[in-house]
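Novice: Sending over a structure as structure tokens; questions will come in a sec.
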Number of protein chains: 2
Amino acid sequence: MRKACENPPKPTVERLPIYRRALEILLDEGCEYTSSCELAELAGVTASRLRKDLSFFGRFGTAGMGYPVRELLDAVNSILGTDRLRDVLLVGMGNLGRAIANHAPLRKCGFRIAAAVDVSPAKVGRVICGVRCYPPSETARLVREGGIEFALLTVPPGAAREAAERLAEAGIKAILNFTPVHLRLPRSVVVEEVDFGILLQKVAFAVTQGGGENA
Amino acid sequence: MRKACENPPKPTVERLPIYRRALEILLDEGCEYTSSCELAELAGVTASRLRKDLSFFGRFGTAGMGYPVRELLDAVNSILGTDRLRDVLLVGMGNLGRAIANHAPLRKCGFRIAAAVDVSPAKVGRVICGVRCYPPSETARLVREGGIEFALLTVPPGAAREAAERLAEAGIKAILNFTPVHLRLPRSVVVEEVDFGILLQKVAFAVTQGGGENA
DNA sequence: CACTCCTCGTTACTTTTTTCACAAGAATGA
DNA sequence: TCATTCTTGTGAAAAAAGTAACGAGGAGTG
Ligand SMILES: NC(=O)c1ccc[n+]([C@@H]2O[C@H](COP(=O)([O-])OP(=O)(O)OC[C@H]3O[C@@H](n4cnc5c(N)ncnc54)[C@H](O)[C@@H]3O)[C@@H](O)[C@H]2O)c1
Ligand SMILES: NC(=O)c1ccc[n+]([C@@H]2O[C@H](COP(=O)([O-])OP(=O)(O)OC[C@H]3O[C@@H](n4cnc5c(N)ncnc54)[C@H](O)[C@@H]3O)[C@@H](O)[C@H]2O)c1
């Protein structure tokens, strides 16, 4: 049922996790079938956009009936690569790092904090928030032996570049960068920036200029 | 020097905070003038895109010379509305809320956690991470008397909708929503979703499918 | 002052993304 | 069986965004 996957637009891919969340809500409610209208409403997009998004990856519905929730969810998981639990390396067990380590629902998204790395001797060797801390020198070994592909970077800004380069050398595939530092890494490493300050500025513009347009 | 501001594309607005960050780096280094090339390099975009983005808001450079760093930074701040410190209400002083309250650099972005709201009797009335906690019933008063326009929503998912509605009623202008719950609020409230799980899924796709295309 | 060099701002063009509308397909009920 | 009623998937048109190229206009130089 999966297409050869020509080249899905980037925005389409970014919406898949949102559809996934909506599908899980429907599944929890016991719905077996849903329509593009209902699902789109839940996801906050138009029905036609939803249908087109899905159509990039295959044909999942039956005309007149809609989409089988369970099957569609499985398909989306398969597309996103969240059909199995992925191990994640937490780099920097500080305030933000601990909050994330404590954050159970991440597992529902298909991810598990497998280990943490920190420079602080007070943390190395201990298990904090259920996650064992290792020294940065162990990074490469952890990544290799654990088959870890994803990292969350939550170190102080000054240590960000160095830590990121260590991750890249260790062979990590993707980094969620919470530091306000623009990382310059080889193209082979996917970097996603998460900067609360930037997001606040974005809404600040919407509030002051836009008057009331939604994001 | 500011244009009548026709209608800047959404992506343009989203890049302004990135330019802002780059300009601050240049300012720290003591640069008085910069070029579109240099600034674009720092921001990770093309020079032509940077020039076009700025052109939506006015003319800030002089041909042959480049842009005066200080002036351009002031202009960007003025556009974003970050030319003065904005007060922010923290809703939910849990793990994530405390990490954010501790996060000093937010102030450099133009925001200050002015107060917090939490249901827990153990927290109400206390000052946690330098922020005073109030009961949710005080929300409207805090917003009104403090002139607060922005809120960070970091309550458990089950409490998200109720808390968000309370904020909307209190007259908050924008909400940064850290909960994995899709809020349905009046258009007058700007909502920006911040969901680590969704971001991880996005990079998961890039890693598994894209093979190595950058975000 | 004339000449050259450099960099911005803008326009024309290309690519990407969204929207719209409709034909084809499947279930339901008479 | 056949018509009716949904709802999908898709192709074409429209809108949005990104790219590249160029002309205008200062700054520096001799
Ligand atoms: N706290 C927030 O809410 C928040 C919000 C947005 C961004 N950030 C960013 O996230 C990062 C972390 O914030 P925080 O509040 O958790 O800081 P923090 O100081 O509490 O934690 C940083 C941790 O990283 C460790 N560390 C330092 N150098 C390291 C290295 N080279 N390798 C591994 N570990 C190292 C430290 O020992 C410490 O445990 C900062 O860059 C901050 O700007 C934080
Ligand atoms: N911890 C993370 O890293 C992380 C990451 C992504 C998203 N989130 C989301 O952020 C939210 C908070 O996460 P957390 O780990 O800080 O949870 P938490 O349980 O540690 O904190 C929640 C806080 O909200 C308070 N609260 C509950 N109901 C409230 C109400 N109606 N009004 C005001 N305050 C109320 C609680 O007393 C508690 O202090 C959750 O929705 C979670 O899914 C957390």
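Naming works like this for the structure tokens: A, B, ... for the chains as they're shown, residue 1 at the start of each chain, ligands 1 onward in shown order.
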Using only C-alpha atoms (C1' of nucleotides) and all ligand atoms, what are the residues with an atom within 6 Å of ligand 1, set out as a list of chain:residue names?
Specialist: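 My answer, listing the contacting residues, is A:Val91, A:Gly92, A:Met93, A:Gly94, A:Asn95, A:Leu96, A:Gly97, A:Val117, A:Asp118, A:Val119, A:Ser120, A:Pro136, A:Thr154, A:Val155, A:Pro156, A:Pro157, A:Ala159, A:Ala163, A:Phe178, A:Thr179, A:Pro180, A:Asp195, A:Phe196, B:Ala99, B:Ile100, B:Asn102, B:His103.
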Novice: Quick one: residues within 12 Å of DG28 (chain D), only C-alpha atoms (C1' of nucleotides) counted, chain neighbours fewer than 6 positions away excluded, as a ChimeraX atom specification?
Specialist: /B:64-65 /C:3-6
Novice: Could you write out as a PyMOL selection string the residues of chain A within 7 Å of chain B, counting only C-alpha atoms?
Specialist: chain A and resi 13-14+17+80-81+95-96+99+106+109+173-174+187-192+197-198+201-205+207-208+212-215
Novice: What are the residues of chain D lining chain A at 10 Å or less? Count only C-alpha atoms (C1' of nucleotides), and put the answer as a ChimeraX atom specification.
Specialist: /D:5-10
Novice: Pull N, CA and C atoms (P, O5', C5', C4', C3', O3' and C1' of nucleotides) from the residues just selected and write them as a CSV table (one decimal), in the first residue's frame.
Specialist:
chain,number,residue,atom,x,y,z
D,5,DT,P,-29.4,10.7,-2.8
D,5,DT,O5',-28.3,10.4,-1.7
D,5,DT,C5',-28.4,9.2,-0.9
D,5,DT,C4',-27.0,9.0,-0.3
D,5,DT,C3',-26.2,10.3,-0.1
D,5,DT,O3',-25.6,10.3,1.2
D,5,DT,C1',-24.9,8.7,-1.3
D,6,DC,P,-25.5,11.7,2.0
D,6,DC,O5',-24.0,11.6,2.5
D,6,DC,C5',-22.9,11.3,1.6
D,6,DC,C4',-22.0,10.2,2.1
D,6,DC,C3',-20.6,10.8,2.4
D,6,DC,O3',-20.1,10.3,3.6
D,6,DC,C1',-20.6,9.2,0.6
D,7,DT,P,-18.9,11.1,4.2
D,7,DT,O5',-17.7,10.6,3.3
D,7,DT,C5',-17.3,9.2,3.4
D,7,DT,C4',-16.1,9.0,2.5
D,7,DT,C3',-15.1,10.1,2.7
D,7,DT,O3',-13.8,9.6,2.7
D,7,DT,C1',-15.6,9.8,0.4
D,8,DT,P,-12.5,10.5,3.0
D,8,DT,O5',-11.5,9.9,2.0
D,8,DT,C5',-11.3,8.5,2.0
D,8,DT,C4',-11.0,8.0,0.5
D,8,DT,C3',-9.6,8.5,0.0
D,8,DT,O3',-8.8,7.4,-0.3
D,8,DT,C1',-11.3,9.1,-1.5
D,9,DG,P,-7.2,7.6,-0.4
D,9,DG,O5',-7.0,8.1,-1.8
D,9,DG,C5',-7.2,7.2,-2.9
D,9,DG,C4',-7.0,7.9,-4.2
D,9,DG,C3',-5.6,8.6,-4.4
D,9,DG,O3',-5.2,8.3,-5.7
D,9,DG,C1',-7.4,10.2,-4.7
D,10,DT,P,-3.8,8.7,-6.2
D,10,DT,O5',-4.1,9.9,-7.2
D,10,DT,C5',-5.1,9.8,-8.2
D,10,DT,C4',-5.3,11.1,-8.9
D,10,DT,C3',-4.1,11.9,-9.1
D,10,DT,O3',-4.1,12.5,-10.4
D,10,DT,C1',-5.7,13.2,-8.1
Novice: Compute the chain C side of the contact with chain B at 12 Å, counting only C-alpha atoms (C1' of nucleotides), and hand it back as an NGL selection string.
Specialist: :C and (5-11)
Novice: DSSP on the backbone, alpha helix (DSSP H) only: what residues of region 19-112 of chain B does that give? Format it as a PyMOL selection string.
Specialist: chain B and resi 19-28+36-43+47-55+69-80+95-101
Novice: Hey, what's within 9 Å of region 12-15 of chain D if we count only C-alpha atoms (C1' of nucleotides) and toss same-chain stuff fewer than 3 positions away? As a ChimeraX atom specification, please?
Specialist: /C:17-20
Novice: Only N, CA and C atoms (P, O5', C5', C4', C3', O3' and C1' of nucleotides), please: the residues just picked out, written as a PDB file, in the first residue's frame.
Specialist:
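The resulting file, selection.pdb, is shown below:
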ATOM      1  P    DT C  17       7.895  22.218  -0.623  1.00  0.00           P
ATOM      2  O5'  DT C  17       6.399  22.772  -0.483  1.00  0.00           O
ATOM      3  C5'  DT C  17       6.197  24.085   0.012  1.00  0.00           C
ATOM      4  C4'  DT C  17       4.751  24.477  -0.142  1.00  0.00           C
ATOM      5  C3'  DT C  17       3.749  23.426   0.373  1.00  0.00           C
ATOM      6  O3'  DT C  17       2.993  24.036   1.397  1.00  0.00           O
ATOM      7  C1'  DT C  17       3.099  24.311  -1.737  1.00  0.00           C
ATOM      8  P    DT C  18       1.786  23.226   2.120  1.00  0.00           P
ATOM      9  O5'  DT C  18       0.518  23.899   1.416  1.00  0.00           O
ATOM     10  C5'  DT C  18       0.395  25.318   1.425  1.00  0.00           C
ATOM     11  C4'  DT C  18      -0.819  25.743   0.621  1.00  0.00           C
ATOM     12  C3'  DT C  18      -2.126  25.061   1.052  1.00  0.00           C
ATOM     13  O3'  DT C  18      -3.099  26.064   1.263  1.00  0.00           O
ATOM     14  C1'  DT C  18      -1.826  24.886  -1.290  1.00  0.00           C
ATOM     15  P    DT C  19      -4.496  25.656   1.963  1.00  0.00           P
ATOM     16  O5'  DT C  19      -5.509  25.841   0.740  1.00  0.00           O
ATOM     17  C5'  DT C  19      -5.360  26.954  -0.118  1.00  0.00           C
ATOM     18  C4'  DT C  19      -6.159  26.751  -1.390  1.00  0.00           C
ATOM     19  C3'  DT C  19      -7.552  26.156  -1.158  1.00  0.00           C
ATOM     20  O3'  DT C  19      -8.492  27.024  -1.769  1.00  0.00           O
ATOM     21  C1'  DT C  19      -6.416  25.009  -2.897  1.00  0.00           C
ATOM     22  P    DC C  20     -10.058  26.811  -1.460  1.00  0.00           P
ATOM     23  O5'  DC C  20     -10.556  26.246  -2.854  1.00  0.00           O
ATOM     24  C5'  DC C  20      -9.976  26.755  -4.058  1.00  0.00           C
ATOM     25  C4'  DC C  20     -10.374  25.888  -5.233  1.00  0.00           C
ATOM     26  C3'  DC C  20     -11.760  25.272  -5.127  1.00  0.00           C
ATOM     27  O3'  DC C  20     -12.463  25.595  -6.310  1.00  0.00           O
ATOM     28  C1'  DC C  20     -10.150  23.613  -5.680  1.00  0.00           C
TER      29       DC C  20
END
Novice: Would you please work out which residue, of B:Ile148, B:Ala122, B:Val131, B:Ala75, is nearest to ligand 2 when using only C-alpha atoms and all ligand atoms?
Specialist: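 Closest to ligand 2 of all the choices is B:Ala122.
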